[in-house]
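Since the structure comes first, as structure tokens, the remarks are kept for the end.
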Amino acid sequence: MSSRTIKDIPLEERPRERFLKYGVENLSNNELISIILNNGTKNMSVKELSDNILFKMNDISELKYMSLNKLKKIKGIGEVKAIKLLSSIELGKRVYYEKNLPKIKMNSADKIYEYMKIEMKDKKQEYFYALYLDSKKNLIDKKLLFIGTINKSVVHPREIFKHAYLLSAASIICVHNHPSGDVSPSIEDINFTKSLVEIGKLQGINIVDHIIIGNNYYSFFENGNI
């Protein structure tokens, strides 16, 4: 027996019609997800798909931690629907959060840690970010440049400085995580940071810090290594 489709729901109760009648702020989480997913599958309505997603979390805020692979493991959610949902979440973050990036002053390691620790939460691999600053150390933009294995991260300096030129950045802060939680820099971390600092001096774009995030943080600048 096939599941009920959106056409079986009375017109006035369908998510899009409720959007038009009552406004987006009055829709349930299920209805919002249903609109994003657009349709169900052969054996499952879009409402049931949305229920399946919400069932996997304690509250809607956990959706921001869902990865593509985790979403694809939910019954009825294929790659296309997972991409749609994650793209919608990212767009919302940019509209309400990243539009204020230039107002964020990155002038201390603890501020950078507080800003970036959510990005690094529960990551099983190393994520390498570059934060690009203006001459007053206001954040212009941040770029995720590499996702590595659980114990090794390699990003080419060319990628780091390319974005600095495109953004007319005055300086750069590098940030990456250690999934183990231990923030002690590895030999690779130390050598890579030294090479970036030297390249930055030649390019006229200083590397002002490199921060490792785990259970707490390690700042190369605070520890006198930059």
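All residue names refer to the structure tokens as shown: chains lettered A, B, ... in order, residues numbered from 1 in each chain, ligands numbered from 1 in order.
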Just the residues within 9 Å of region 71-85 of chain A, please, counting only C-alpha atoms, with nothing from its chain fewer than 3 positions along; format it as a compact mmCIF listing (two decimals) with C-alpha atoms, in the first residue's frame.
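The file below, result-v3.txt, is the result:
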# COMPACT_ATOMS: atom_id res chain seq x y z
CA ILE A 33 11.57 21.11 5.10
CA ILE A 36 12.70 22.70 0.40
CA LEU A 37 12.60 19.02 -0.57
CA ASN A 38 9.75 19.79 -2.99
CA GLY A 40 8.57 12.76 -1.99
CA THR A 41 9.55 9.41 -3.43
CA ASN A 43 6.67 5.12 -1.73
CA MET A 44 6.89 8.07 0.62
CA GLU A 48 6.99 11.57 5.65
CA LEU A 49 10.49 12.36 4.39
CA ASN A 52 12.17 11.06 8.97
CA ILE A 53 14.71 13.90 9.05
CA LYS A 56 16.90 11.86 13.68
CA MET A 66 24.13 17.17 9.58
CA SER A 67 26.55 16.16 6.84
CA LEU A 68 25.75 14.99 3.33
CA SER A 88 19.31 26.01 2.17
CA ILE A 89 20.97 25.84 5.59
CA GLU A 90 24.17 27.40 4.27
Problem set entry | Those of region 34-190 of chain A in DSSP helix (DSSP H, G or I), formatted as a count of residues only | 76
Problem set entry | Contact residues around region 130-145 of chain A with only C-alpha atoms at 9 Å, ignoring same-chain residues under 5 positions, as a VMD selection string | chain A and resid 98 101 to 107 155 to 156 159 to 160 163 to 164 167 to 176
Restrict the selected residues to N, CA and C atoms and save them as a compact mmCIF listing (two decimals), in the first residue's frame.
# COMPACT_ATOMS: atom_id res chain seq x y z
N GLU A 98 26.87 35.77 8.08
CA GLU A 98 28.08 36.20 7.43
C GLU A 98 27.99 37.60 6.84
N LEU A 101 30.24 39.89 8.77
CA LEU A 101 31.64 39.52 8.97
C LEU A 101 32.58 40.72 9.07
N PRO A 102 32.45 41.76 8.23
CA PRO A 102 33.40 42.85 8.32
C PRO A 102 33.41 43.56 9.68
N LYS A 103 32.36 43.40 10.48
CA LYS A 103 32.29 44.06 11.78
C LYS A 103 32.98 43.26 12.88
N ILE A 104 33.40 42.05 12.56
CA ILE A 104 34.02 41.18 13.56
C ILE A 104 35.52 41.44 13.58
N LYS A 105 36.02 41.89 14.71
CA LYS A 105 37.45 42.19 14.84
C LYS A 105 38.18 40.97 15.36
N MET A 106 39.16 40.52 14.62
CA MET A 106 39.94 39.34 14.98
C MET A 106 41.29 39.77 15.53
N ASN A 107 41.28 40.30 16.74
CA ASN A 107 42.51 40.84 17.30
C ASN A 107 43.01 40.07 18.52
N VAL A 155 47.52 21.67 2.73
CA VAL A 155 46.91 22.69 1.87
C VAL A 155 48.05 23.48 1.23
N HIS A 156 47.93 23.77 -0.05
CA HIS A 156 49.01 24.45 -0.75
C HIS A 156 48.97 25.95 -0.43
N GLU A 159 46.87 28.44 -2.59
CA GLU A 159 45.44 28.62 -2.37
C GLU A 159 45.17 29.66 -1.29
N ILE A 160 46.00 29.64 -0.25
CA ILE A 160 45.82 30.58 0.87
C ILE A 160 46.00 32.01 0.40
N HIS A 163 43.36 33.76 -2.42
CA HIS A 163 42.15 34.41 -1.93
C HIS A 163 42.47 35.75 -1.26
N ALA A 164 43.64 35.84 -0.66
CA ALA A 164 44.04 37.11 -0.03
C ALA A 164 44.12 38.21 -1.09
N LEU A 167 40.61 39.20 -2.30
CA LEU A 167 39.85 39.95 -1.29
C LEU A 167 40.54 41.24 -0.86
N SER A 168 41.73 41.49 -1.40
CA SER A 168 42.55 42.64 -0.98
C SER A 168 42.80 42.63 0.52
N ALA A 169 43.08 41.45 1.04
CA ALA A 169 43.31 41.28 2.48
C ALA A 169 44.69 41.81 2.87
N ALA A 170 44.77 42.35 4.08
CA ALA A 170 46.04 42.84 4.60
C ALA A 170 46.80 41.76 5.35
N SER A 171 46.08 40.81 5.94
CA SER A 171 46.72 39.75 6.71
C SER A 171 45.82 38.52 6.75
N ILE A 172 46.39 37.42 7.25
CA ILE A 172 45.70 36.13 7.26
C ILE A 172 45.89 35.45 8.61
N ILE A 173 44.82 34.81 9.09
CA ILE A 173 44.92 33.92 10.24
C ILE A 173 44.52 32.53 9.76
N CYS A 174 45.37 31.54 10.02
CA CYS A 174 45.06 30.17 9.66
C CYS A 174 44.46 29.46 10.87
N VAL A 175 43.48 28.61 10.62
CA VAL A 175 42.82 27.87 11.69
C VAL A 175 42.59 26.44 11.21
N HIS A 176 42.98 25.47 12.02
CA HIS A 176 42.58 24.11 11.72
C HIS A 176 42.34 23.36 13.03
Which residues of region 50-128 of chain A sit at most 10 Å from region 206-211 of chain A, using only C-alpha atoms? Give each one's shortest atom pair and distance in Å (one decimal place), in chain and ascending residue order, as a Markdown table.
| residue | atom | partner | partner_atom | distance |
| --- | --- | --- | --- | --- |
| A:Asn107 | CA | A:Val208 | CA | 9.5 |
| A:Ser108 | CA | A:Asp209 | CA | 9.3 |
| A:Ala109 | CA | A:Ile211 | CA | 7.4 |
| A:Asp110 | CA | A:Ile211 | CA | 9.7 |
| A:Ile112 | CA | A:Ile211 | CA | 8.2 |
| A:Tyr113 | CA | A:Ile211 | CA | 7.8 |
| A:Met116 | CA | A:Ile211 | CA | 9.8 |
Problem set entry | Spatial neighbours of Gly148 (chain A), max dist 12 Å, only C-alpha atoms, sep filter under 4 positions, as a list in words | Lys123, Lys124, Gln125, Glu126, Tyr127, Phe128, Tyr129, Leu144, Lys152, Ser153, Val154, Val155, His176, Asn177, His178 and Pro179 of chain A
Could you save those same residues with N, CA and C atoms as a short mmCIF file (atom, residue, chain, number, x, y, z; two decimals), in the first residue's frame?
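part_0.cif was written with the following content:
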data_model
loop_
_atom_site.label_atom_id
_atom_site.label_comp_id
_atom_site.auth_asym_id
_atom_site.auth_seq_id
_atom_site.Cartn_x
_atom_site.Cartn_y
_atom_site.Cartn_z
N LYS A 123 34.00 17.32 14.34
CA LYS A 123 34.57 16.95 13.04
C LYS A 123 35.50 15.75 13.22
N LYS A 124 35.42 14.79 12.30
CA LYS A 124 36.23 13.58 12.36
C LYS A 124 37.48 13.68 11.50
N GLN A 125 37.57 14.74 10.71
CA GLN A 125 38.74 15.00 9.89
C GLN A 125 39.27 16.39 10.21
N GLU A 126 40.45 16.68 9.69
CA GLU A 126 41.00 18.02 9.88
C GLU A 126 40.41 18.97 8.84
N TYR A 127 39.94 20.12 9.33
CA TYR A 127 39.41 21.18 8.47
C TYR A 127 40.35 22.37 8.57
N PHE A 128 40.79 22.87 7.43
CA PHE A 128 41.73 23.99 7.40
C PHE A 128 41.03 25.22 6.83
N TYR A 129 40.96 26.28 7.64
CA TYR A 129 40.35 27.55 7.23
C TYR A 129 41.40 28.64 7.17
N LEU A 144 37.09 27.83 3.72
CA LEU A 144 37.48 26.46 4.00
C LEU A 144 38.31 25.99 2.81
N LYS A 152 46.11 14.12 9.20
CA LYS A 152 47.01 14.86 8.34
C LYS A 152 46.23 15.86 7.49
N SER A 153 46.73 17.08 7.42
CA SER A 153 46.09 18.10 6.61
C SER A 153 47.15 18.78 5.76
N VAL A 154 46.94 18.82 4.45
CA VAL A 154 47.90 19.44 3.55
C VAL A 154 47.14 20.43 2.66
N VAL A 155 47.52 21.67 2.73
CA VAL A 155 46.91 22.69 1.87
C VAL A 155 48.05 23.48 1.23
N HIS A 176 42.98 25.47 12.02
CA HIS A 176 42.58 24.11 11.72
C HIS A 176 42.34 23.36 13.03
N ASN A 177 41.71 22.21 12.92
CA ASN A 177 41.33 21.44 14.10
C ASN A 177 42.16 20.17 14.22
N HIS A 178 42.23 19.67 15.43
CA HIS A 178 42.77 18.34 15.70
C HIS A 178 41.62 17.49 16.24
N PRO A 179 41.10 16.56 15.45
CA PRO A 179 39.95 15.75 15.89
C PRO A 179 40.20 15.00 17.19
#
Exercise. A:Ser61, A:Asp182, A:Lys162, A:Lys121: which is nearest Gly200 (chain A), counting only C-alpha atoms?
Worked result: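 Among the listed residues, A:Lys162 lies closest to Gly200 (chain A).
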For this session: Identify, with DSSP run on backbone atoms, the residues in region 51-215 of chain A assigned to strand (DSSP E or B), and express the list as an MDAnalysis selection string.
Result: chainID A and resid 105 127:133 138:147 171:177 206:213
Exercise. Any idea what the distance is between CA of Ser184 (chain A) and CA of Gln203 (chain A)?
Worked result: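 These two atoms are separated by 28.2 Å.
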Exercise. Which residues, written as a ChimeraX atom specification, have at least one atom at most 10 Å from Asp51 (chain A), with only C-alpha atoms counted and residues fewer than 3 positions away on the same chain left out?
Worked result: /A:29-31,33-34,45-48,54-56
Let's have the selection written as a PDB file, in the first residue's frame, with C-alpha atoms.
ATOM      1  CA  ASN A  29       9.608  22.742  10.799  1.00  0.00           C
ATOM      2  CA  ASN A  30       8.109  19.836   8.875  1.00  0.00           C
ATOM      3  CA  GLU A  31       6.382  22.197   6.444  1.00  0.00           C
ATOM      4  CA  ILE A  33      11.571  21.111   5.103  1.00  0.00           C
ATOM      5  CA  SER A  34       8.793  19.802   2.855  1.00  0.00           C
ATOM      6  CA  SER A  45       5.314  11.520   0.721  1.00  0.00           C
ATOM      7  CA  VAL A  46       7.411  14.624   1.223  1.00  0.00           C
ATOM      8  CA  LYS A  47       5.802  15.043   4.646  1.00  0.00           C
ATOM      9  CA  GLU A  48       6.990  11.569   5.650  1.00  0.00           C
ATOM     10  CA  LEU A  54      13.271  15.492  12.183  1.00  0.00           C
ATOM     11  CA  PHE A  55      13.101  12.110  13.915  1.00  0.00           C
ATOM     12  CA  LYS A  56      16.905  11.860  13.682  1.00  0.00           C
TER      13      LYS A  56
END
